>>> print(open('final_39.cif').read())   # mmCIF, C-alpha atoms and all ligand atoms
data_input
#
loop_
_atom_site.group_PDB
_atom_site.id
_atom_site.type_symbol
_atom_site.label_atom_id
_atom_site.label_comp_id
_atom_site.auth_asym_id
_atom_site.auth_seq_id
_atom_site.Cartn_x
_atom_site.Cartn_y
_atom_site.Cartn_z
ATOM 1 C CA MET A 2 -88.610 23.676 -36.780
ATOM 2 C CA ARG A 3 -85.232 22.015 -36.602
ATOM 3 C CA LEU A 4 -86.139 19.719 -39.478
ATOM 4 C CA SER A 5 -86.517 22.619 -41.858
ATOM 5 C CA ALA A 6 -83.307 24.160 -40.542
ATOM 6 C CA ASP A 7 -81.415 20.907 -41.130
ATOM 7 C CA THR A 8 -82.930 20.498 -44.584
ATOM 8 C CA GLN A 9 -81.909 23.995 -45.454
ATOM 9 C CA ASN A 10 -78.394 23.258 -44.297
ATOM 10 C CA GLY A 11 -78.332 20.039 -46.301
ATOM 11 C CA THR A 12 -79.124 22.032 -49.410
ATOM 12 C CA THR A 13 -76.315 24.486 -48.694
ATOM 13 C CA ALA A 14 -73.839 21.673 -48.127
ATOM 14 C CA MET A 15 -74.889 19.863 -51.296
ATOM 15 C CA THR A 16 -74.385 23.005 -53.321
ATOM 16 C CA ALA A 17 -70.867 23.304 -51.929
ATOM 17 C CA THR A 18 -70.131 19.646 -52.736
ATOM 18 C CA GLN A 19 -71.518 19.977 -56.247
ATOM 19 C CA THR A 20 -69.333 22.982 -56.949
ATOM 20 C CA ARG A 21 -66.359 20.979 -55.847
ATOM 21 C CA SER A 22 -67.086 17.882 -57.936
ATOM 22 C CA THR A 23 -67.659 20.025 -61.020
ATOM 23 C CA ALA A 24 -64.283 21.673 -60.484
ATOM 24 C CA THR A 25 -62.802 18.245 -60.059
ATOM 25 C CA THR A 26 -64.343 16.987 -63.295
ATOM 26 C CA THR A 27 -62.658 19.739 -65.276
ATOM 27 C CA THR A 28 -59.260 18.549 -64.017
ATOM 28 C CA GLY A 29 -60.150 14.963 -64.942
ATOM 29 C CA ASN A 30 -59.294 13.609 -61.503
ATOM 30 C CA VAL A 31 -62.667 12.277 -60.412
ATOM 31 C CA ALA A 32 -61.541 8.671 -60.045
ATOM 32 C CA ALA A 33 -58.566 9.661 -57.911
ATOM 33 C CA ILE A 34 -60.600 11.477 -55.240
ATOM 34 C CA ASP A 35 -60.230 9.768 -51.900
ATOM 35 C CA THR A 36 -62.556 11.077 -49.219
ATOM 36 C CA ILE A 37 -60.876 10.744 -45.826
ATOM 37 C CA VAL A 38 -63.512 12.531 -43.721
ATOM 38 C CA SER A 39 -67.167 12.104 -44.563
ATOM 39 C CA ALA A 40 -69.649 13.658 -42.145
ATOM 40 C CA SER A 41 -73.369 13.797 -42.764
ATOM 41 C CA ASN A 42 -76.028 15.614 -40.811
ATOM 42 C CA ILE A 43 -73.997 15.910 -37.604
ATOM 43 C CA VAL A 44 -76.063 17.107 -34.657
ATOM 44 C CA LYS A 45 -74.552 17.953 -31.278
ATOM 45 C CA THR A 46 -76.518 19.426 -28.399
ATOM 46 C CA TYR A 47 -74.936 20.291 -25.062
ATOM 47 C CA ARG A 48 -77.233 19.977 -22.061
ATOM 48 C CA THR A 49 -76.225 21.801 -18.919
ATOM 49 C CA GLY A 50 -79.096 21.583 -16.419
ATOM 50 C CA GLU A 51 -82.167 23.066 -18.098
ATOM 51 C CA VAL A 52 -80.155 24.803 -20.797
ATOM 52 C CA ARG A 53 -79.649 23.261 -24.235
ATOM 53 C CA VAL A 54 -77.021 24.576 -26.609
ATOM 54 C CA HIS A 55 -77.427 23.443 -30.223
ATOM 55 C CA ALA A 56 -73.725 23.487 -31.065
ATOM 56 C CA LEU A 57 -74.056 21.563 -34.375
ATOM 57 C CA ARG A 58 -77.362 21.657 -36.246
ATOM 58 C CA GLY A 59 -76.907 19.224 -39.128
ATOM 59 C CA VAL A 60 -73.411 19.569 -40.544
ATOM 60 C CA HIS A 61 -72.372 17.942 -43.830
ATOM 61 C CA LEU A 62 -68.681 17.900 -44.652
ATOM 62 C CA ASP A 63 -66.329 15.921 -46.875
ATOM 63 C CA VAL A 64 -62.542 16.302 -46.799
ATOM 64 C CA GLU A 65 -60.266 14.757 -49.406
ATOM 65 C CA ARG A 66 -57.075 12.932 -48.487
ATOM 66 C CA GLY A 67 -54.138 15.320 -48.610
ATOM 67 C CA GLU A 68 -56.342 18.406 -48.483
ATOM 68 C CA MET A 69 -55.628 21.300 -46.121
ATOM 69 C CA VAL A 70 -58.927 22.876 -45.116
ATOM 70 C CA SER A 71 -59.711 25.636 -42.672
ATOM 71 C CA ILE A 72 -62.916 25.961 -40.683
ATOM 72 C CA MET A 73 -63.765 29.598 -40.046
ATOM 73 C CA GLY A 74 -66.553 31.400 -38.256
ATOM 74 C CA PRO A 75 -67.329 33.625 -35.285
ATOM 75 C CA SER A 76 -66.607 32.596 -31.711
ATOM 76 C CA GLY A 77 -69.208 30.137 -30.421
ATOM 77 C CA CYS A 78 -70.404 28.981 -33.877
ATOM 78 C CA GLY A 79 -69.330 25.369 -33.227
ATOM 79 C CA LYS A 80 -65.853 25.083 -34.784
ATOM 80 C CA THR A 81 -64.197 23.343 -31.838
ATOM 81 C CA THR A 82 -67.235 21.113 -31.334
ATOM 82 C CA LEU A 83 -67.077 20.078 -34.997
ATOM 83 C CA LEU A 84 -63.356 19.319 -34.805
ATOM 84 C CA ASN A 85 -63.745 17.323 -31.586
ATOM 85 C CA THR A 86 -66.676 15.286 -32.896
ATOM 86 C CA LEU A 87 -64.950 14.564 -36.227
ATOM 87 C CA ALA A 88 -61.854 13.396 -34.339
ATOM 88 C CA GLY A 89 -63.962 11.170 -32.081
ATOM 89 C CA LEU A 90 -62.967 13.136 -28.949
ATOM 90 C CA ASP A 91 -66.626 13.986 -28.368
ATOM 91 C CA THR A 92 -69.844 12.050 -29.090
ATOM 92 C CA ILE A 93 -72.604 13.159 -31.476
ATOM 93 C CA ASP A 94 -76.392 13.132 -31.021
ATOM 94 C CA GLY A 95 -77.234 12.529 -34.675
ATOM 95 C CA GLY A 96 -75.681 11.932 -38.083
ATOM 96 C CA ARG A 97 -72.739 9.849 -39.156
ATOM 97 C CA ILE A 98 -68.986 10.377 -39.369
ATOM 98 C CA LEU A 99 -66.747 8.149 -41.467
ATOM 99 C CA ILE A 100 -62.975 8.494 -41.130
ATOM 100 C CA GLU A 101 -61.061 6.557 -43.792
ATOM 101 C CA GLY A 102 -64.353 4.752 -44.390
ATOM 102 C CA SER A 103 -64.798 3.653 -40.757
ATOM 103 C CA ASP A 104 -67.435 4.781 -38.290
ATOM 104 C CA LEU A 105 -65.422 5.453 -35.122
ATOM 105 C CA ALA A 106 -68.633 5.440 -33.053
ATOM 106 C CA GLY A 107 -68.845 1.691 -33.737
ATOM 107 C CA LEU A 108 -65.485 1.044 -32.080
ATOM 108 C CA SER A 109 -64.869 0.369 -28.381
ATOM 109 C CA ASP A 110 -63.181 3.139 -26.369
ATOM 110 C CA ALA A 111 -59.875 1.251 -26.478
ATOM 111 C CA GLU A 112 -60.111 0.705 -30.252
ATOM 112 C CA ARG A 113 -60.985 4.352 -30.826
ATOM 113 C CA THR A 114 -58.066 5.520 -28.669
ATOM 114 C CA SER A 115 -55.711 3.205 -30.513
ATOM 115 C CA TYR A 116 -57.008 4.390 -33.896
ATOM 116 C CA ARG A 117 -56.517 8.007 -32.844
ATOM 117 C CA ALA A 118 -52.985 7.373 -31.605
ATOM 118 C CA LYS A 119 -51.999 5.723 -34.902
ATOM 119 C CA ARG A 120 -53.910 7.745 -37.489
ATOM 120 C CA MET A 121 -54.519 11.204 -36.008
ATOM 121 C CA GLY A 122 -52.389 14.085 -34.755
ATOM 122 C CA PHE A 123 -53.588 17.061 -32.688
ATOM 123 C CA VAL A 124 -52.345 20.643 -32.461
ATOM 124 C CA PHE A 125 -54.115 22.972 -30.030
ATOM 125 C CA GLN A 126 -53.739 26.671 -29.305
ATOM 126 C CA PHE A 127 -51.974 26.343 -25.985
ATOM 127 C CA TYR A 128 -49.461 23.638 -26.890
ATOM 128 C CA ASN A 129 -50.529 21.078 -24.224
ATOM 129 C CA LEU A 130 -46.907 20.103 -23.712
ATOM 130 C CA LEU A 131 -45.905 18.381 -20.491
ATOM 131 C CA PRO A 132 -43.720 20.905 -18.640
ATOM 132 C CA VAL A 133 -41.544 18.343 -16.852
ATOM 133 C CA LEU A 134 -40.539 16.627 -20.105
ATOM 134 C CA SER A 135 -37.940 17.874 -22.576
ATOM 135 C CA ALA A 136 -38.928 18.716 -26.167
ATOM 136 C CA VAL A 137 -37.822 15.320 -27.461
ATOM 137 C CA GLU A 138 -39.603 13.489 -24.621
ATOM 138 C CA ASN A 139 -42.811 15.375 -25.424
ATOM 139 C CA VAL A 140 -42.487 14.484 -29.107
ATOM 140 C CA GLU A 141 -41.939 10.791 -28.454
ATOM 141 C CA LEU A 142 -45.031 10.446 -26.205
ATOM 142 C CA PRO A 143 -47.397 9.275 -29.003
ATOM 143 C CA LEU A 144 -44.800 6.658 -29.995
ATOM 144 C CA VAL A 145 -44.585 5.403 -26.417
ATOM 145 C CA VAL A 146 -48.404 5.143 -26.375
ATOM 146 C CA SER A 147 -48.200 3.167 -29.635
ATOM 147 C CA LYS A 148 -45.643 0.857 -27.977
ATOM 148 C CA ILE A 149 -42.759 1.695 -30.303
ATOM 149 C CA ARG A 150 -39.374 0.526 -28.904
ATOM 150 C CA PRO A 151 -37.691 3.322 -26.866
ATOM 151 C CA GLY A 152 -34.582 3.514 -29.092
ATOM 152 C CA THR A 153 -36.681 3.763 -32.250
ATOM 153 C CA ALA A 154 -39.031 6.275 -30.602
ATOM 154 C CA ARG A 155 -36.089 8.524 -29.675
ATOM 155 C CA GLU A 156 -34.651 8.344 -33.211
ATOM 156 C CA ARG A 157 -37.985 9.211 -34.807
ATOM 157 C CA ALA A 158 -38.671 12.027 -32.334
ATOM 158 C CA LEU A 159 -35.250 13.581 -33.034
ATOM 159 C CA ALA A 160 -35.801 13.273 -36.799
ATOM 160 C CA MET A 161 -39.194 14.966 -36.464
ATOM 161 C CA LEU A 162 -37.710 17.762 -34.330
ATOM 162 C CA ALA A 163 -35.139 18.286 -37.091
ATOM 163 C CA LYS A 164 -37.979 18.626 -39.629
ATOM 164 C CA VAL A 165 -39.526 21.448 -37.610
ATOM 165 C CA GLY A 166 -36.125 23.117 -37.201
ATOM 166 C CA LEU A 167 -35.559 22.368 -33.514
ATOM 167 C CA SER A 168 -32.617 19.943 -33.500
ATOM 168 C CA ASP A 169 -30.691 22.207 -31.124
ATOM 169 C CA TRP A 170 -33.558 22.411 -28.652
ATOM 170 C CA ALA A 171 -34.314 18.706 -28.138
ATOM 171 C CA GLU A 172 -33.186 18.607 -24.504
ATOM 172 C CA HIS A 173 -34.895 21.852 -23.469
ATOM 173 C CA ARG A 174 -38.116 21.958 -21.501
ATOM 174 C CA PRO A 175 -41.162 23.906 -22.812
ATOM 175 C CA ALA A 176 -40.579 26.779 -20.331
ATOM 176 C CA GLU A 177 -37.212 27.447 -22.004
ATOM 177 C CA LEU A 178 -38.771 27.773 -25.475
ATOM 178 C CA SER A 179 -40.534 30.681 -27.202
ATOM 179 C CA GLY A 180 -44.216 30.416 -28.153
ATOM 180 C CA GLY A 181 -43.346 29.633 -31.764
ATOM 181 C CA GLN A 182 -40.820 26.984 -30.712
ATOM 182 C CA ARG A 183 -43.367 25.390 -28.375
ATOM 183 C CA GLN A 184 -45.886 25.213 -31.186
ATOM 184 C CA ARG A 185 -43.228 23.564 -33.369
ATOM 185 C CA VAL A 186 -42.756 20.933 -30.657
ATOM 186 C CA THR A 187 -46.531 20.411 -30.614
ATOM 187 C CA ILE A 188 -46.524 20.000 -34.395
ATOM 188 C CA ALA A 189 -43.613 17.549 -34.205
ATOM 189 C CA ARG A 190 -45.543 15.567 -31.578
ATOM 190 C CA ALA A 191 -48.703 15.607 -33.743
ATOM 191 C CA LEU A 192 -46.824 14.361 -36.811
ATOM 192 C CA VAL A 193 -44.230 11.966 -35.356
ATOM 193 C CA ASN A 194 -46.512 8.947 -35.777
ATOM 194 C CA ASN A 195 -47.087 9.832 -39.427
ATOM 195 C CA PRO A 196 -50.852 10.274 -38.968
ATOM 196 C CA ALA A 197 -53.319 10.364 -41.857
ATOM 197 C CA ILE A 198 -55.116 13.415 -40.443
ATOM 198 C CA VAL A 199 -53.922 16.333 -38.363
ATOM 199 C CA TRP A 200 -56.560 18.311 -36.452
ATOM 200 C CA ALA A 201 -55.515 21.801 -35.406
ATOM 201 C CA ASP A 202 -57.658 24.106 -33.260
ATOM 202 C CA GLU A 203 -56.465 27.715 -33.494
ATOM 203 C CA PRO A 204 -52.839 26.542 -33.892
ATOM 204 C CA THR A 205 -51.609 30.117 -34.283
ATOM 205 C CA GLY A 206 -54.091 31.737 -31.891
ATOM 206 C CA ASP A 207 -51.502 32.511 -29.233
ATOM 207 C CA LEU A 208 -48.750 33.703 -31.611
ATOM 208 C CA ASP A 209 -47.816 37.071 -33.110
ATOM 209 C CA SER A 210 -48.547 37.360 -36.833
ATOM 210 C CA GLU A 211 -44.966 36.789 -38.011
ATOM 211 C CA THR A 212 -44.593 33.614 -35.929
ATOM 212 C CA ALA A 213 -48.101 32.556 -37.001
ATOM 213 C CA ASP A 214 -47.003 32.808 -40.651
ATOM 214 C CA GLU A 215 -43.901 30.715 -39.948
ATOM 215 C CA ILE A 216 -46.005 28.038 -38.283
ATOM 216 C CA MET A 217 -48.482 28.032 -41.197
ATOM 217 C CA HIS A 218 -45.649 27.733 -43.738
ATOM 218 C CA LEU A 219 -44.319 24.801 -41.737
ATOM 219 C CA LEU A 220 -47.757 23.111 -41.745
ATOM 220 C CA ILE A 221 -48.136 23.734 -45.499
ATOM 221 C CA GLU A 222 -44.686 22.282 -46.168
ATOM 222 C CA LEU A 223 -45.457 19.184 -44.083
ATOM 223 C CA ASN A 224 -48.847 18.846 -45.795
ATOM 224 C CA ARG A 225 -47.120 18.925 -49.202
ATOM 225 C CA THR A 226 -44.192 16.686 -48.468
ATOM 226 C CA GLN A 227 -46.010 14.089 -46.356
ATOM 227 C CA ASN A 228 -49.405 14.193 -48.130
ATOM 228 C CA GLN A 229 -51.205 14.420 -44.812
ATOM 229 C CA THR A 230 -54.694 15.838 -44.433
ATOM 230 C CA PHE A 231 -55.005 18.977 -42.290
ATOM 231 C CA VAL A 232 -58.211 20.341 -40.780
ATOM 232 C CA ILE A 233 -57.473 23.709 -39.182
ATOM 233 C CA VAL A 234 -59.903 25.726 -37.092
ATOM 234 C CA THR A 235 -59.136 29.440 -37.145
ATOM 235 C CA HIS A 236 -60.900 32.759 -36.804
ATOM 236 C CA ASP A 237 -58.020 34.469 -38.649
ATOM 237 C CA LEU A 238 -58.825 35.034 -42.347
ATOM 238 C CA ARG A 239 -55.138 35.417 -43.177
ATOM 239 C CA ILE A 240 -54.554 31.876 -41.919
ATOM 240 C CA GLY A 241 -57.659 30.567 -43.679
ATOM 241 C CA GLN A 242 -56.491 32.049 -46.972
ATOM 242 C CA MET A 243 -53.307 29.968 -46.820
ATOM 243 C CA THR A 244 -55.306 26.706 -46.953
ATOM 244 C CA ASP A 245 -56.787 24.840 -49.941
ATOM 245 C CA ARG A 246 -60.364 25.495 -48.890
ATOM 246 C CA ILE A 247 -62.194 27.661 -46.379
ATOM 247 C CA ILE A 248 -65.311 26.137 -44.817
ATOM 248 C CA ARG A 249 -67.523 28.812 -43.281
ATOM 249 C CA MET A 250 -69.617 28.125 -40.191
ATOM 250 C CA LYS A 251 -72.309 30.093 -38.435
ATOM 251 C CA ASP A 252 -74.677 29.115 -35.623
ATOM 252 C CA GLY A 253 -73.823 25.412 -35.775
ATOM 253 C CA ARG A 254 -74.141 25.137 -39.551
ATOM 254 C CA ILE A 255 -71.853 25.200 -42.557
ATOM 255 C CA THR A 256 -72.777 28.214 -44.624
ATOM 256 C CA GLY A 257 -70.259 27.953 -47.444
ATOM 257 C CA SER A 258 -67.127 26.348 -48.853
ATOM 258 C CA GLU A 259 -64.576 28.334 -50.846
ATOM 259 C CA ASP A 260 -62.005 26.469 -52.923
ATOM 260 C CA GLN A 261 -58.808 28.487 -52.978
ATOM 261 C CA ARG A 262 -56.576 26.249 -55.074
ATOM 262 C CA ARG A 263 -55.516 27.780 -58.307
ATOM 263 C CA ASN A 264 -56.719 25.844 -61.367
ATOM 264 C CA ASP A 265 -53.162 25.228 -62.533
ATOM 265 C CA MET A 266 -52.119 23.738 -59.195
ATOM 266 C CA PRO A 267 -51.716 19.937 -59.418
ATOM 267 C CA LYS A 268 -53.893 17.965 -56.993
ATOM 268 C CA ARG A 269 -51.120 16.877 -54.688
ATOM 269 C CA HIS A 270 -53.235 14.303 -52.843
ATOM 270 C CA CYS A 271 -53.539 12.156 -55.958
ATOM 271 C CA GLY A 272 -50.908 9.447 -56.052
ATOM 272 C CA GLY A 273 -48.823 11.096 -53.352
ATOM 273 C CA SER A 274 -47.143 13.529 -55.720
ATOM 274 C CA ALA A 275 -45.971 16.614 -53.887
ATOM 275 C CA THR A 276 -45.184 18.750 -56.915
ATOM 276 C CA THR A 277 -46.248 22.373 -56.723
ATOM 277 C CA PRO A 278 -45.578 25.416 -58.855
ATOM 278 C CA ALA A 279 -42.323 27.136 -57.972
ATOM 279 C CA SER A 280 -44.166 30.327 -57.102
ATOM 280 C CA THR A 281 -45.830 28.668 -54.106
ATOM 281 C CA GLU A 282 -42.605 27.257 -52.706
ATOM 282 C CA GLN A 283 -41.314 30.441 -51.129
ATOM 283 C CA HIS A 284 -41.140 29.445 -47.499
ATOM 284 C CA SER A 285 -39.295 31.398 -44.877
ATOM 285 C CA MET A 286 -38.035 28.187 -43.309
HETATM 286 P P1 LIG A 301 -66.157 27.853 -31.367
HETATM 287 O O1 LIG A 301 -65.025 26.897 -31.304
HETATM 288 O O2 LIG A 301 -66.625 28.153 -32.749
HETATM 289 O O3 LIG A 301 -65.870 29.121 -30.618
HETATM 290 P P2 LIG A 301 -67.527 25.903 -29.709
HETATM 291 O O4 LIG A 301 -67.622 24.692 -30.536
HETATM 292 O O5 LIG A 301 -66.495 25.924 -28.647
HETATM 293 O O6 LIG A 301 -67.435 27.201 -30.634
HETATM 294 O O7 LIG A 301 -68.940 26.152 -28.989
HETATM 295 C C1 LIG A 301 -70.190 26.089 -29.689
HETATM 296 C C2 LIG A 301 -71.303 26.356 -28.691
HETATM 297 O O8 LIG A 301 -71.382 25.265 -27.769
HETATM 298 C C3 LIG A 301 -71.085 27.591 -27.831
HETATM 299 O O9 LIG A 301 -72.342 28.188 -27.596
HETATM 300 C C4 LIG A 301 -70.497 27.044 -26.554
HETATM 301 O O10 LIG A 301 -70.800 27.869 -25.464
HETATM 302 C C5 LIG A 301 -71.192 25.709 -26.440
HETATM 303 N N1 LIG A 301 -70.356 24.695 -25.754
HETATM 304 C C6 LIG A 301 -69.121 24.257 -26.156
HETATM 305 N N2 LIG A 301 -68.674 23.298 -25.325
HETATM 306 C C7 LIG A 301 -69.629 23.122 -24.385
HETATM 307 C C8 LIG A 301 -69.766 22.272 -23.247
HETATM 308 N N3 LIG A 301 -68.805 21.397 -22.936
HETATM 309 N N4 LIG A 301 -70.904 22.379 -22.502
HETATM 310 C C9 LIG A 301 -71.891 23.250 -22.820
HETATM 311 N N5 LIG A 301 -71.819 24.069 -23.892
HETATM 312 C C10 LIG A 301 -70.717 24.026 -24.665
HETATM 313 MG MG MG A 302 -63.110 27.049 -30.459
#
>>> encode(input="final_39.cif", output="C-alpha cells")
Amino acid sequence: MRLSADTQNGTTAMTATQTRSTATTTTGNVAAIDTIVSASNIVKTYRTGEVRVHALRGVHLDVERGEMVSIMGPSGCGKTTLLNTLAGLDTIDGGRILIEGSDLAGLSDAERTSYRAKRMGFVFQFYNLLPVLSAVENVELPLVVSKIRPGTARERALAMLAKVGLSDWAEHRPAELSGGQRQRVTIARALVNNPAIVWADEPTGDLDSETADEIMHLLIELNRTQNQTFVIVTHDLRIGQMTDRIIRMKDGRITGSEDQRRNDMPKRHCGGSATTPASTEQHSM
C-alpha cells in the first residue's frame, strides 16, 4: 500500500520539478543551476511503543543555491520533520539527502556537527537564545564552536548585529529585548558564520504581523545580499508568498510547488549577482 502511495508522490514531485526546469530553460540559465539540497524518496517513521507515525512518506525535493523557499502545510503534516531530516538533525528511515553534493548520513557524528556549524544556520520560533549571555555573546557562539579566535569572533558578531540593526543592543540580555529584537539576534547568530543554508522553522510564529513582516524583509535582504539559501517552514500564507517558491505538504507528502518569482526577475543565485528590480527593494529597514 505504501509503495503505491510513494509512487504517486514521486509522480507529483517529478511534475513539480519538470515545471521548474521548463521555466528555467526559457530564461536560458540551465547550466547555471546549482542544486544545494537534493532529497529523494525521504521516509521517516516515528515509533512510540506500539504506535507508528508516518511523518514523511516519500518526499522528493530539490532546492537551488540562493533560493528562498517556504514549506507550507497544516499542523502535523511533517514540515518540522522534513526540515530536521534535511539539516541532518534527525535520521531518516529511507531515501537519500544530498547537501552540496554530500550525503551527511555517511559522515561521523563529529563530522556532521562540524559541517553543520560551518555550513548551516538555524532560526527557530522561540529564539533558543541563552538567557545568561548578552546579544553579542549569543551571536558569537557558533564562531566559538568553530574555534575562531575570540577577538575575531567578537568583531564578526558585532558586524552581524549591525546588519540586523541591533548595534545599540549588543550588551543586552535576551530578557531585555522585544520579541522582534530577539528574533533578530537569532538571525544574526544563524548567519554570523556565513552559512550556505539557513533553516528556519516558523521564524515569525511568535511575532505580531508587523514585526513578522520586518523579520521577513530582513531575511529577504540577507538572502539577496549574501546569496544564501533559505528554507523556511511556515503555516502563514502571507510569509510563504514573500518567498521564491512555496512547497506544499500534506500528510507527509509534497503535494505541490508554486514558483512565485516574476519572469523578469533575474536569477540572483547565478554568479552571485544580487541585482533585483527596484520595485522589490522597498524594505522597511
Ligand atoms: P509539522 O511541523 O508540520 O506540524 P511535524 O513534523 O512536527 O509536523 O510532525 C509530523 C508528525 O510526526 C505528527 O503527527 C507528529 O505528531 C509526529 N511527530 C513529530 N515528532 C515526533 C516524535 N519525536 N515522536 C513521535 N511522533 C512525532
Ligand atoms: Mg512544526
>>> residues_near_point(input="final_39.cif", point="(-65.7, 13.7, -47.3)", cutoff="6 Å", atoms="all atoms listed in the file", output="ChimeraX atom specification")
/A:36-39,62-65
>>> resolve_selection(input="final_39.cif", expression="the PyMOL selection byres (((chain A and resi 73-75) around 8) and not hetatm)", output="list in words")
Ser71, Ile72, Ser76, Gly77, Cys78, Lys80, Val234, Thr235, His236, Asp237, Leu238, Gly241, Ile247, Ile248, Arg249, Met250 and Lys251 of chain A
>>> atom_distance(input="final_39.cif", atom1="CA of Val133 in chain A", atom2="CA of Val186 in chain A")
14.1 Å
>>> resolve_selection(input="final_39.cif", expression="the PyMOL selection byres (((not hetatm)) within 12 of (chain A and resi 301))", output="short mmCIF file (atom, residue, chain, number, x, y, z; two decimals) with C-alpha atoms, in the coordinates of the input")
data_model
loop_
_atom_site.label_atom_id
_atom_site.label_comp_id
_atom_site.auth_asym_id
_atom_site.auth_seq_id
_atom_site.Cartn_x
_atom_site.Cartn_y
_atom_site.Cartn_z
CA VAL A 44 -76.06 17.11 -34.66
CA LYS A 45 -74.55 17.95 -31.28
CA THR A 46 -76.52 19.43 -28.40
CA TYR A 47 -74.94 20.29 -25.06
CA ARG A 48 -77.23 19.98 -22.06
CA THR A 49 -76.22 21.80 -18.92
CA GLY A 50 -79.10 21.58 -16.42
CA GLU A 51 -82.17 23.07 -18.10
CA VAL A 52 -80.16 24.80 -20.80
CA ARG A 53 -79.65 23.26 -24.24
CA VAL A 54 -77.02 24.58 -26.61
CA HIS A 55 -77.43 23.44 -30.22
CA ALA A 56 -73.72 23.49 -31.06
CA LEU A 57 -74.06 21.56 -34.38
CA ARG A 58 -77.36 21.66 -36.25
CA ILE A 72 -62.92 25.96 -40.68
CA MET A 73 -63.76 29.60 -40.05
CA GLY A 74 -66.55 31.40 -38.26
CA PRO A 75 -67.33 33.62 -35.28
CA SER A 76 -66.61 32.60 -31.71
CA GLY A 77 -69.21 30.14 -30.42
CA CYS A 78 -70.40 28.98 -33.88
CA GLY A 79 -69.33 25.37 -33.23
CA LYS A 80 -65.85 25.08 -34.78
CA THR A 81 -64.20 23.34 -31.84
CA THR A 82 -67.24 21.11 -31.33
CA LEU A 83 -67.08 20.08 -35.00
CA LEU A 84 -63.36 19.32 -34.80
CA ASN A 85 -63.74 17.32 -31.59
CA THR A 86 -66.68 15.29 -32.90
CA LEU A 87 -64.95 14.56 -36.23
CA LEU A 90 -62.97 13.14 -28.95
CA ASP A 91 -66.63 13.99 -28.37
CA THR A 92 -69.84 12.05 -29.09
CA PHE A 125 -54.12 22.97 -30.03
CA GLN A 126 -53.74 26.67 -29.30
CA ALA A 201 -55.52 21.80 -35.41
CA ASP A 202 -57.66 24.11 -33.26
CA GLU A 203 -56.46 27.72 -33.49
CA GLY A 206 -54.09 31.74 -31.89
CA ILE A 233 -57.47 23.71 -39.18
CA VAL A 234 -59.90 25.73 -37.09
CA THR A 235 -59.14 29.44 -37.15
CA HIS A 236 -60.90 32.76 -36.80
CA ARG A 249 -67.52 28.81 -43.28
CA MET A 250 -69.62 28.12 -40.19
CA LYS A 251 -72.31 30.09 -38.44
CA ASP A 252 -74.68 29.12 -35.62
CA GLY A 253 -73.82 25.41 -35.78
CA ARG A 254 -74.14 25.14 -39.55
CA ILE A 255 -71.85 25.20 -42.56
#
>>> closest_residue(input="final_39.cif", among="A:Leu208, A:Leu144, A:Met243, A:Val137", to="Leu167 in chain A", atoms="all atoms listed in the file")
A:Val137
>>> atom_distance(input="final_39.cif", atom1="CA of Ala40 in chain A", atom2="CA of Ala197 in chain A")
16.7 Å
>>> atom_distance(input="final_39.cif", atom1="CA of Asp104 in chain A", atom2="CA of Gly89 in chain A")
9.6 Å
